[in-house]
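Data block for final-v1.cif (mmCIF, C-alpha atoms and all ligand atoms):
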data_protein
loop_
_atom_site.label_atom_id
_atom_site.label_comp_id
_atom_site.auth_asym_id
_atom_site.auth_seq_id
_atom_site.Cartn_x
_atom_site.Cartn_y
_atom_site.Cartn_z
CA MET W 63 -14.63 4.54 10.20
CA ASN W 64 -16.83 1.53 9.48
CA ASP W 65 -17.17 -1.52 11.77
CA LEU W 66 -14.52 -3.50 9.96
CA GLN W 67 -12.05 -0.63 10.13
CA GLU W 68 -12.75 -0.23 13.87
CA LYS W 69 -12.23 -3.96 14.40
CA ILE W 70 -8.87 -3.84 12.59
CA LEU W 71 -7.72 -0.81 14.61
CA LYS W 72 -8.59 -2.63 17.84
CA LEU W 73 -6.71 -5.78 16.77
CA LYS W 74 -3.76 -3.68 15.63
CA LYS W 75 -3.41 -2.33 19.16
CA GLU W 76 -4.00 -5.66 20.92
CA ARG W 77 -1.53 -7.52 18.70
CA ASN W 78 1.14 -4.80 18.67
CA ALA W 79 1.03 -4.55 14.88
CA LEU W 80 2.22 -1.89 12.46
CA ILE W 81 0.18 -1.35 9.32
CA LEU W 82 2.01 0.24 6.40
CA ALA W 83 0.24 1.15 3.14
CA HIS W 84 1.40 2.36 -0.26
CA TYR W 85 -0.20 5.45 -1.82
CA TYR W 86 -1.78 3.22 -4.51
CA GLN W 87 -3.90 1.36 -1.95
CA THR W 88 -7.60 2.20 -1.72
CA LEU W 89 -8.55 5.01 0.68
CA PRO W 90 -10.33 2.71 3.21
CA VAL W 91 -7.06 0.74 3.50
CA GLN W 92 -4.92 3.89 3.73
CA ASP W 93 -7.22 5.20 6.46
CA ILE W 94 -6.44 2.37 8.89
CA ALA W 95 -2.67 2.42 8.25
CA ASP W 96 -0.15 3.82 10.72
CA PHE W 97 1.83 5.21 7.80
CA VAL W 98 1.15 5.68 4.10
CA GLY W 99 4.15 6.25 1.86
CA ASP W 100 6.12 5.65 -1.32
CA SER W 101 8.28 2.55 -1.74
CA PHE W 102 11.32 4.21 -0.20
CA ALA W 103 9.52 5.49 2.90
CA LEU W 104 7.84 2.11 3.45
CA ALA W 105 11.19 0.28 3.30
CA LYS W 106 12.72 2.66 5.83
CA LEU W 107 9.71 2.48 8.17
CA ALA W 108 9.73 -1.32 8.01
CA GLN W 109 13.43 -1.42 8.78
CA LYS W 110 13.06 0.50 12.02
CA ALA W 111 9.69 -0.93 13.05
CA ASP W 112 9.63 -2.10 16.66
CA LYS W 113 6.17 -3.76 16.69
CA ASP W 114 5.83 -7.57 16.67
CA MET W 115 3.95 -7.75 13.43
CA ILE W 116 4.16 -5.72 10.19
CA ILE W 117 1.23 -5.76 7.77
CA LEU W 118 2.34 -4.35 4.44
CA CYS W 119 -0.58 -3.24 2.30
CA GLY W 120 0.95 -3.14 -1.15
CA VAL W 121 2.46 -5.75 -3.45
CA ARG W 122 4.73 -8.71 -2.79
CA PHE W 123 8.11 -7.04 -3.33
CA MET W 124 7.23 -4.45 -0.67
CA ALA W 125 6.37 -7.07 1.95
CA GLU W 126 9.49 -9.05 1.02
CA SER W 127 11.65 -5.94 1.44
CA ALA W 128 10.11 -5.35 4.88
CA LYS W 129 10.93 -8.94 5.90
CA ILE W 130 14.47 -8.72 4.53
CA LEU W 131 15.18 -5.43 6.30
CA ASN W 132 13.61 -6.52 9.60
CA PRO W 133 13.81 -10.35 9.66
CA GLU W 134 12.87 -10.75 13.34
CA LYS W 135 9.34 -9.48 12.66
CA THR W 136 6.39 -11.42 11.35
CA VAL W 137 5.50 -9.73 8.07
CA TYR W 138 2.21 -10.19 6.21
CA LEU W 139 1.08 -9.29 2.73
CA PRO W 140 -2.74 -9.17 3.13
CA SER W 141 -3.54 -10.09 -0.46
CA PHE W 142 -1.17 -12.95 -0.97
CA ASP W 143 -1.36 -12.89 -4.78
CA ALA W 144 -0.71 -9.15 -5.16
CA GLY W 145 2.42 -9.18 -7.31
CA CYS W 146 4.11 -6.68 -9.58
CA PRO W 147 4.18 -7.54 -13.30
CA MET W 148 7.41 -5.57 -13.71
CA ALA W 149 9.12 -7.62 -10.97
CA ASP W 150 8.15 -10.78 -12.89
CA MET W 151 9.90 -9.59 -16.06
CA ILE W 152 13.41 -10.36 -14.84
CA THR W 153 15.23 -13.37 -13.37
CA PRO W 154 18.58 -13.64 -11.56
CA ASP W 155 20.00 -15.30 -14.70
CA ASP W 156 19.16 -12.19 -16.74
CA VAL W 157 21.23 -10.11 -14.30
CA LEU W 158 24.09 -12.60 -14.30
CA SER W 159 24.31 -12.65 -18.09
CA LEU W 160 24.35 -8.81 -18.18
CA ARG W 161 27.15 -8.89 -15.63
CA LYS W 162 29.11 -11.28 -17.85
CA LYS W 163 28.73 -8.92 -20.81
CA HIS W 164 29.69 -5.84 -18.78
CA PRO W 165 32.13 -6.97 -16.09
CA GLU W 166 33.10 -3.40 -15.10
CA ALA W 167 29.52 -2.33 -14.41
CA ALA W 168 27.70 -2.07 -11.08
CA VAL W 169 24.14 -3.45 -10.98
CA VAL W 170 21.44 -1.10 -9.69
CA CYS W 171 18.18 -2.87 -9.07
CA TYR W 172 14.85 -1.08 -8.74
CA VAL W 173 13.07 -2.41 -5.63
CA ASN W 174 10.21 -3.55 -7.87
CA SER W 175 11.98 -6.91 -8.23
CA SER W 176 12.20 -10.30 -6.52
CA ALA W 177 14.51 -10.99 -3.57
CA ALA W 178 16.51 -13.34 -5.81
CA VAL W 179 17.17 -10.53 -8.31
CA LYS W 180 18.12 -8.11 -5.52
CA ALA W 181 20.51 -10.75 -4.20
CA VAL W 182 22.57 -10.76 -7.42
CA SER W 183 22.60 -6.94 -7.67
CA ASP W 184 24.97 -4.47 -6.00
CA ILE W 185 22.48 -1.94 -4.69
CA CYS W 186 18.75 -1.26 -4.82
CA CYS W 187 16.96 2.00 -5.57
CA THR W 188 13.44 3.39 -5.62
CA SER W 189 12.08 6.06 -7.93
CA SER W 190 12.85 8.71 -5.32
CA SER W 191 16.42 7.53 -4.77
CA ALA W 192 17.52 6.21 -8.21
CA GLU W 193 19.49 9.27 -9.25
CA LYS W 194 21.28 9.55 -5.93
CA VAL W 195 22.08 5.82 -5.90
CA VAL W 196 23.57 5.92 -9.40
CA ARG W 197 25.64 9.03 -8.58
CA SER W 198 26.93 7.39 -5.39
CA LEU W 199 28.64 4.55 -7.28
CA PRO W 200 32.28 4.78 -8.42
CA ASN W 201 31.61 2.73 -11.60
CA ARG W 202 31.10 4.61 -14.86
CA GLN W 203 29.02 1.79 -16.31
CA ILE W 204 25.76 0.97 -14.56
CA ILE W 205 23.46 -1.94 -15.39
CA PHE W 206 20.00 -0.68 -14.43
CA VAL W 207 17.26 -3.31 -13.96
CA PRO W 208 14.40 -3.97 -14.56
CA ASP W 209 12.69 -0.68 -15.48
CA LYS W 210 13.94 0.73 -18.81
CA ASN W 211 11.84 3.88 -18.37
CA LEU W 212 13.19 4.81 -14.93
CA GLY W 213 16.64 3.80 -16.20
CA SER W 214 16.37 6.13 -19.23
CA TYR W 215 15.24 8.96 -16.97
CA VAL W 216 18.27 8.42 -14.71
CA ALA W 217 20.56 8.20 -17.76
CA LYS W 218 19.45 11.71 -18.80
CA SER W 219 19.89 13.11 -15.29
CA VAL W 220 23.32 11.54 -14.77
CA PRO W 221 24.98 11.86 -18.23
CA GLU W 222 28.45 11.11 -16.86
CA LYS W 223 27.42 7.47 -16.41
CA GLU W 224 26.81 4.90 -19.12
CA ILE W 225 23.51 3.25 -18.24
CA ILE W 226 22.88 -0.23 -19.63
CA LEU W 227 19.15 -0.91 -19.68
CA PHE W 228 17.10 -4.08 -19.31
CA ASP W 229 13.88 -4.36 -21.31
CA GLY W 230 11.40 -4.31 -18.41
CA CYS W 231 8.72 -1.79 -17.49
CA CYS W 232 5.62 -1.16 -15.44
CA PRO W 233 2.80 -2.07 -17.86
CA ILE W 234 0.52 0.44 -16.15
CA HIS W 235 2.79 3.47 -16.53
CA ASP W 236 4.28 2.35 -19.85
CA ASN W 237 0.78 2.28 -21.28
CA VAL W 238 0.50 6.08 -21.20
CA SER W 239 1.00 7.29 -24.77
CA VAL W 240 2.33 10.51 -26.25
CA LYS W 241 -1.20 11.03 -27.57
CA ASP W 242 -2.55 10.97 -23.98
CA ALA W 243 0.01 13.60 -22.96
CA GLU W 244 -0.61 15.73 -26.07
CA THR W 245 -4.35 15.67 -25.43
CA VAL W 246 -4.08 16.98 -21.86
CA ARG W 247 -1.51 19.59 -22.88
CA LYS W 248 -3.87 20.83 -25.61
CA THR W 249 -7.09 20.76 -23.60
CA LEU W 250 -5.53 22.10 -20.37
CA PRO W 251 -2.75 24.44 -21.50
CA ASP W 252 -2.29 26.02 -18.03
CA ALA W 253 -2.32 22.79 -16.06
CA LYS W 254 0.76 21.38 -14.36
CA ILE W 255 1.42 17.84 -15.52
CA LEU W 256 3.01 15.65 -12.83
CA VAL W 257 4.42 12.35 -14.04
CA HIS W 258 6.00 9.26 -12.49
CA PRO W 259 9.36 8.24 -14.05
CA GLU W 260 8.00 4.75 -14.79
CA CYS W 261 6.32 6.44 -17.81
CA ARG W 262 8.05 6.48 -21.20
CA SER W 263 10.64 9.19 -21.88
CA GLU W 264 8.47 10.65 -24.71
CA VAL W 265 5.69 11.15 -22.14
CA LEU W 266 8.05 12.63 -19.53
CA GLU W 267 8.87 15.39 -22.07
CA PHE W 268 5.40 16.83 -21.39
CA ALA W 269 5.86 16.91 -17.62
CA ASP W 270 6.19 20.01 -15.46
CA TYR W 271 7.31 17.76 -12.65
CA ILE W 272 8.76 14.22 -12.64
CA GLY W 273 8.97 12.28 -9.39
CA SER W 274 7.92 9.40 -7.18
CA THR W 275 4.42 9.13 -5.74
CA ALA W 276 5.60 11.06 -2.65
CA GLY W 277 7.19 13.70 -4.88
CA ILE W 278 4.01 14.14 -6.93
CA LEU W 279 1.90 14.50 -3.78
CA ASP W 280 4.30 17.04 -2.35
CA TYR W 281 4.41 19.09 -5.55
CA ALA W 282 0.60 19.06 -5.86
CA ARG W 283 0.16 20.20 -2.25
CA LYS W 284 2.63 23.08 -2.58
CA THR W 285 1.97 24.49 -6.04
CA ASP W 286 -0.29 27.51 -6.62
CA ALA W 287 -1.47 26.00 -9.93
CA LEU W 288 -5.19 25.27 -9.89
CA ASP W 289 -5.31 22.58 -12.59
CA LEU W 290 -3.23 19.48 -11.93
CA VAL W 291 -2.84 16.44 -14.17
CA ILE W 292 -1.81 13.36 -12.22
CA GLY W 293 0.47 11.07 -14.22
CA THR W 294 0.51 8.05 -11.98
CA GLU W 295 -1.82 5.42 -10.53
CA TYR W 296 -5.31 6.44 -9.37
CA GLY W 297 -4.47 6.08 -5.65
CA VAL W 298 -2.54 9.36 -5.78
CA PHE W 299 -5.43 11.06 -7.58
CA ASP W 300 -7.84 9.78 -4.89
CA ILE W 301 -5.70 11.17 -2.05
CA LEU W 302 -5.44 14.59 -3.67
CA SER W 303 -9.12 14.71 -4.67
CA ARG W 304 -10.09 14.34 -1.04
CA GLU W 305 -7.55 16.93 0.13
CA LEU W 306 -7.26 19.69 -2.47
CA LEU W 307 -10.86 20.81 -2.69
CA ASN W 308 -9.93 24.18 -4.23
CA LYS W 309 -8.05 22.59 -7.17
CA LYS W 310 -9.16 20.82 -10.33
CA LEU W 311 -7.62 17.40 -10.65
CA HIS W 312 -7.31 15.42 -13.84
CA ILE W 313 -5.78 12.04 -14.61
CA LEU W 314 -3.27 11.66 -17.45
CA LYS W 315 -4.90 8.49 -18.72
CA ASP W 316 -8.30 6.87 -18.15
CA ASN W 317 -8.26 3.73 -16.08
CA PHE W 318 -4.77 4.43 -14.66
CA VAL W 319 -5.13 1.56 -12.20
CA CYS W 320 -2.69 -1.07 -10.93
CA ALA W 321 -4.96 -4.08 -10.40
CA ASP W 322 -2.43 -5.73 -8.06
CA MET W 323 -2.28 -2.69 -5.79
CA LYS W 324 -6.07 -2.70 -5.61
CA LYS W 325 -6.30 -6.33 -4.49
CA THR W 326 -5.97 -5.51 -0.77
CA GLY W 327 -9.36 -5.42 0.92
CA LEU W 328 -10.07 -4.71 4.59
CA GLU W 329 -11.10 -8.40 4.94
CA ASP W 330 -7.59 -9.40 3.82
CA ILE W 331 -6.07 -7.30 6.59
CA LEU W 332 -8.43 -8.88 9.11
CA ALA W 333 -7.40 -12.30 7.79
CA CYS W 334 -3.76 -11.56 8.78
CA PHE W 335 -4.88 -11.13 12.42
CA GLU W 336 -7.05 -14.24 12.27
CA GLY W 337 -4.20 -16.51 11.19
CA ASN W 338 -5.62 -16.91 7.70
CA ARG W 339 -2.62 -15.53 5.83
CA PRO W 340 0.83 -17.13 5.79
CA PRO W 341 3.65 -14.84 6.92
CA ILE W 342 6.31 -13.88 4.36
CA GLU W 343 9.13 -16.42 4.29
CA LEU W 344 12.16 -16.44 2.02
CA PRO W 345 15.24 -18.67 1.75
CA GLU W 346 17.96 -17.36 4.08
CA SER W 347 20.51 -17.31 1.23
CA GLU W 348 18.31 -14.99 -0.87
CA MET W 349 17.53 -12.79 2.12
CA ALA W 350 21.19 -12.28 2.98
CA GLY W 351 22.11 -11.19 -0.56
CA ALA W 352 19.05 -9.01 -0.99
CA ARG W 353 19.61 -7.40 2.43
CA LYS W 354 23.05 -6.16 1.34
CA SER W 355 21.52 -4.40 -1.68
CA LEU W 356 18.60 -2.94 0.27
CA GLU W 357 20.67 -1.80 3.25
CA ARG W 358 23.15 -0.16 0.93
CA MET W 359 20.28 1.81 -0.64
CA VAL W 360 18.80 2.87 2.69
CA GLY W 361 22.29 3.79 3.92
CA ILE W 362 23.01 6.36 1.23
CA GLU W 363 19.94 8.50 1.96
P1 LIG B 1 6.93 4.87 -5.65
O1 LIG B 1 5.86 4.91 -4.62
O2 LIG B 1 8.24 4.59 -5.00
O3 LIG B 1 6.94 6.10 -6.47
O4 LIG B 1 6.66 3.61 -6.61
C1 LIG B 1 5.63 3.49 -7.47
C2 LIG B 1 5.31 2.10 -7.76
O5 LIG B 1 5.03 1.72 -8.85
C3 LIG B 1 5.29 1.16 -6.69
O6 LIG B 1 4.95 -0.04 -7.21
FE1 LIG B 2 4.26 -2.90 -10.37
FE2 LIG B 2 3.47 -0.85 -11.88
FE3 LIG B 2 1.76 -1.92 -10.14
FE4 LIG B 2 3.86 -0.49 -9.27
S1 LIG B 2 2.15 0.26 -10.47
S2 LIG B 2 3.15 -2.45 -8.48
S3 LIG B 2 5.40 -1.04 -10.80
S4 LIG B 2 2.67 -2.93 -11.93
#

Take the structure in this file and express it as structure tokens.
Ligand code: 13P
Ligand code: SF4
Amino acid sequence: MNDLQEKILKLKKERNALILAHYYQTLPVQDIADFVGDSFALAKLAQKADKDMIILCGVRFMAESAKILNPEKTVYLPSFDAGCPMADMITPDDVLSLRKKHPEAAVVCYVNSSAAVKAVSDICCTSSSAEKVVRSLPNRQIIFVPDKNLGSYVAKSVPEKEIILFDGCCPIHDNVSVKDAETVRKTLPDAKILVHPECRSEVLEFADYIGSTAGILDYARKTDALDLVIGTEYGVFDILSRELLNKKLHILKDNFVCADMKKTGLEDILACFEGNRPPIELPESEMAGARKSLERMVGIE
């Protein structure tokens, strides 16, 4: 631990704070967190947090979800401009016009979205819960927003449903090409390729395992395979590189980095304790609608 990390750990104790970090955060940030997890785990941990203050090291929708699920707490996003480009691809009006076109359909909203979009949806999901959420609904038609890649993956896994997609995606995962996947398959024929479902369906065809960040970590830790190709953001590769010293790790694509996830520095976390970051605040009307969708998701697990 360096001096800044020690200082943050001391303040965390004194101020009764909980620090949560996503797996895509840098290792120095992950190292001072109470918990590191995927989007689903972080939402659940935030919901039952009993500390006064929650510092969510991730991107805006994660901190907003923490606030919505546990509104009594003061929630901070250390890097205030860490957003998610996919969340910015859709507006509540987009959802409402899809609802008009498909009045029988339920709206499933990936948590990588704004509170306002969650508020006009029926239920949220994460990459680790999407399939289960879709199966849990009585409707045959499902409007899935905003990630067309995760939506297509769910459509294949749950063929009894008709999935209506929105044209959004994670630019980082969508940028992996079939050529990238073909190259690793050719150069590393015995490697296991582990891919996040935010990647395109043509890329998922090459995968030995498809799952959330937590799922990929779990698979990598348990498999006997010695060569592993990580098909998600570099944070997961960094965690495994430090842990699995007997395995050879490869990344599916060079520069597989989410710039927004990497915006959180230790100084930003310190700034939350020093009163130099505004707490997350959302209009009560948006929070109430979004809470219904988030609580419904957390409730079906
Ligand atoms: P998960 O951690 O839920 O797999 O999500 C990945 C992601 O892109 C978060 O922004
Ligand atoms: Fe958004 Fe993709 Fe970054 Fe996740 S990895 S925060 S989905 S841009």

task: For CA of Leu306 (chain W) and CA of Val240 (chain W), quote the distance in Å rounded to one decimal.
output: 27.2 Å

For chain W versus ligand LIG 1 (chain B), which residues have an atom no more than 6 Å away, and what is each residue's nearest atom pair and distance in Å rounded to one decimal, using all atoms listed in the file, chain-then-number order, as CSV?
residue,atom,partner,partner_atom,distance
W:Asp100,CA,B:LIG1,O1,3.4
W:Ser101,CA,B:LIG1,O2,3.8
W:Phe102,CA,B:LIG1,O2,5.7
W:Thr188,CA,B:LIG1,O2,5.4
W:Ser189,CA,B:LIG1,O2,5.0
W:Ser274,CA,B:LIG1,O3,3.5
W:Thr275,CA,B:LIG1,O3,4.0

task: Identify which of the residues W:Ala192, W:Ala83, W:Ile342, W:Ala276 lies closest to Asp143 (chain W), counting only C-alpha atoms when measuring atom-to-atom distances.
output: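 Among the listed residues, W:Ile342 lies closest to Asp143 (chain W).
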
task: Show me which residues sit within 8 Å of ligand LIG 2 (chain B) when counting all atoms listed in the file, and put them as a PyMOL selection string.
output: chain W and resi 86+120-121+145-149+174+231-235+260+295+319-323

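Among the candidates W:Asp236, W:Glu346, W:Glu224, W:Asp184, the residue lying nearest to Asn211 (chain W) is W:Asp236 (atoms considered: all atoms listed in the file).
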
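For the pair CA of Val265 (chain W) and CA of Cys186 (chain W), the separation is 25.0 Å.
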
message: I'd like the neighbourhood of Ile70 (chain W) as a ChimeraX atom specification, where a residue qualifies if any of its atoms comes within 12 Å (using only C-alpha atoms), though same-chain residues fewer than 4 positions away should be ignored.
response: /W:63-66,74-81,90-91,93-96,117,327-336

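Of note, CA of Ser303 (chain W) and CA of Gln92 (chain W) are spaced 14.3 Å apart.
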
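Remark: residues at most 6 Å from position (25.8, -3.2, -2.7) in file coordinates are Asp184, Ile185, Lys354, Ser355 and Arg358 of chain W, using only C-alpha atoms.
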
message: For Glu357 (chain W), find every residue with an atom within 10 Å (counting only C-alpha atoms), except residues of its own chain fewer than 5 positions away, and show them as a list in words.
response: Ala105, Lys106, Gln109, Ile130, Leu131, Ile185, Cys186, Ala352 and Ile362 of chain W

task: For each of W:Leu118, W:Val257, W:Ala144, W:Leu71, take the minimum atom-to-atom distance to Lys324 (chain W), counting all atoms listed in the file, then give the residue where this is smallest.
output: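 Among W:Leu118, W:Val257, W:Ala144, W:Leu71, it is W:Ala144 that comes nearest to Lys324 (chain W).
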
- request: Have a look at W:Met349, W:Val298, W:Val170, W:Ala287 and name the one nearest to Lys310 (chain W); count all atoms listed in the file.
  value: W:Ala287

- request: Tell me which protein, DNA and RNA residues are within 12 Å of Ile255 (chain W), counting only C-alpha atoms, leaving out same-chain ones fewer than 4 positions away, and put them as a ChimeraX atom specification.
  value: /W:242-248,250-251,265-273,278,281-282,285,287-294,311-315

field: Top pick for closest residue to Leu302 (chain W), considering W:Leu139, W:Leu227, W:Leu89, W:Leu279 and counting all atoms listed in the file
entry: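 Of all the options, W:Leu279 lies closest to Leu302 (chain W).
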
message: Please determine, counting all atoms listed in the file, which residue among W:Met151, W:Val179, W:Ile116, W:Val196 has the shortest atom-to-atom distance to Leu212 (chain W).
response: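 Residue with the minimum atom-to-atom distance to Leu212 (chain W): W:Val196.
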
With 8 Å on each side, where is the centre of the axis-aligned box around all listed atoms of region 202-215 of chain W, and how long are its edges in Å to one decimal, as JSON?
{"center_x": 21.5, "center_y": 2.5, "center_z": -16.6, "size_x": 35.3, "size_y": 28.9, "size_z": 21.3}

Where atoms are absent from region 262-272 of chain W, fill them in so it carries all heavy atoms, then output it as a CSV table (one decimal), in the coordinates of the input.
chain,number,residue,atom,x,y,z
W,262,ARG,N,7.1,6.4,-20.1
W,262,ARG,CA,8.0,6.5,-21.2
W,262,ARG,C,8.7,7.9,-21.3
W,262,ARG,O,8.0,8.9,-21.0
W,262,ARG,CB,7.4,6.2,-22.5
W,262,ARG,CG,6.8,4.9,-22.7
W,262,ARG,CD,5.9,4.8,-23.9
W,262,ARG,NE,5.3,3.5,-23.9
W,262,ARG,CZ,5.1,2.8,-25.0
W,262,ARG,NH1,5.4,3.3,-26.2
W,262,ARG,NH2,4.5,1.7,-25.0
W,263,SER,N,9.9,7.9,-21.8
W,263,SER,CA,10.6,9.2,-21.9
W,263,SER,C,9.9,10.2,-22.8
W,263,SER,O,9.9,11.4,-22.5
W,263,SER,CB,12.1,9.0,-22.3
W,263,SER,OG,12.1,8.4,-23.6
W,264,GLU,N,9.2,9.7,-23.8
W,264,GLU,CA,8.5,10.6,-24.7
W,264,GLU,C,7.3,11.3,-24.0
W,264,GLU,O,6.9,12.4,-24.3
W,264,GLU,CB,7.8,9.9,-25.9
W,264,GLU,CG,8.7,9.0,-26.7
W,264,GLU,CD,8.7,7.6,-26.1
W,264,GLU,OE1,7.8,6.8,-26.5
W,264,GLU,OE2,9.5,7.3,-25.3
W,265,VAL,N,6.8,10.6,-23.0
W,265,VAL,CA,5.7,11.2,-22.1
W,265,VAL,C,6.3,12.1,-21.1
W,265,VAL,O,5.7,13.2,-20.8
W,265,VAL,CB,4.9,10.0,-21.5
W,265,VAL,CG1,3.9,10.5,-20.5
W,265,VAL,CG2,4.2,9.1,-22.5
W,266,LEU,N,7.4,11.8,-20.5
W,266,LEU,CA,8.0,12.6,-19.5
W,266,LEU,C,8.4,14.0,-20.1
W,266,LEU,O,8.4,15.0,-19.4
W,266,LEU,CB,9.3,12.0,-19.0
W,266,LEU,CG,9.2,10.6,-18.2
W,266,LEU,CD1,10.5,10.2,-17.7
W,266,LEU,CD2,8.2,10.7,-17.1
W,267,GLU,N,8.6,14.1,-21.4
W,267,GLU,CA,8.9,15.4,-22.1
W,267,GLU,C,7.8,16.4,-21.8
W,267,GLU,O,8.0,17.6,-21.8
W,267,GLU,CB,9.0,15.2,-23.6
W,267,GLU,CG,10.0,14.2,-24.0
W,267,GLU,CD,11.2,14.7,-24.6
W,267,GLU,OE1,11.0,15.6,-25.5
W,267,GLU,OE2,12.3,14.3,-24.2
W,268,PHE,N,6.6,15.9,-21.6
W,268,PHE,CA,5.4,16.8,-21.4
W,268,PHE,C,5.3,17.3,-19.9
W,268,PHE,O,4.4,18.1,-19.6
W,268,PHE,CB,4.1,16.1,-21.8
W,268,PHE,CG,4.0,16.0,-23.3
W,268,PHE,CD1,4.6,14.9,-24.0
W,268,PHE,CD2,3.2,16.9,-24.0
W,268,PHE,CE1,4.5,14.8,-25.3
W,268,PHE,CE2,3.1,16.7,-25.4
W,268,PHE,CZ,3.7,15.7,-26.1
W,269,ALA,N,6.1,16.7,-19.1
W,269,ALA,CA,5.9,16.9,-17.6
W,269,ALA,C,6.4,18.2,-17.1
W,269,ALA,O,7.5,18.7,-17.6
W,269,ALA,CB,6.5,15.8,-16.8
W,270,ASP,N,5.7,18.9,-16.2
W,270,ASP,CA,6.2,20.0,-15.5
W,270,ASP,C,6.9,19.5,-14.2
W,270,ASP,O,7.8,20.2,-13.7
W,270,ASP,CB,5.0,20.9,-15.0
W,270,ASP,CG,4.3,21.5,-16.2
W,270,ASP,OD1,4.9,22.4,-16.8
W,270,ASP,OD2,3.2,21.0,-16.5
W,271,TYR,N,6.6,18.3,-13.8
W,271,TYR,CA,7.3,17.8,-12.6
W,271,TYR,C,7.4,16.2,-12.9
W,271,TYR,O,6.4,15.6,-13.3
W,271,TYR,CB,6.6,18.1,-11.3
W,271,TYR,CG,7.2,17.3,-10.2
W,271,TYR,CD1,8.3,17.8,-9.6
W,271,TYR,CD2,6.6,16.1,-9.7
W,271,TYR,CE1,8.9,17.1,-8.5
W,271,TYR,CE2,7.2,15.4,-8.7
W,271,TYR,CZ,8.4,15.9,-8.1
W,271,TYR,OH,9.0,15.2,-7.1
W,272,ILE,N,8.6,15.7,-12.6
W,272,ILE,CA,8.8,14.2,-12.6
W,272,ILE,C,9.2,13.7,-11.3
W,272,ILE,O,10.2,14.3,-10.7
W,272,ILE,CB,9.8,13.9,-13.7
W,272,ILE,CG1,9.4,14.4,-15.1
W,272,ILE,CG2,10.1,12.3,-13.7
W,272,ILE,CD1,10.6,14.4,-16.1
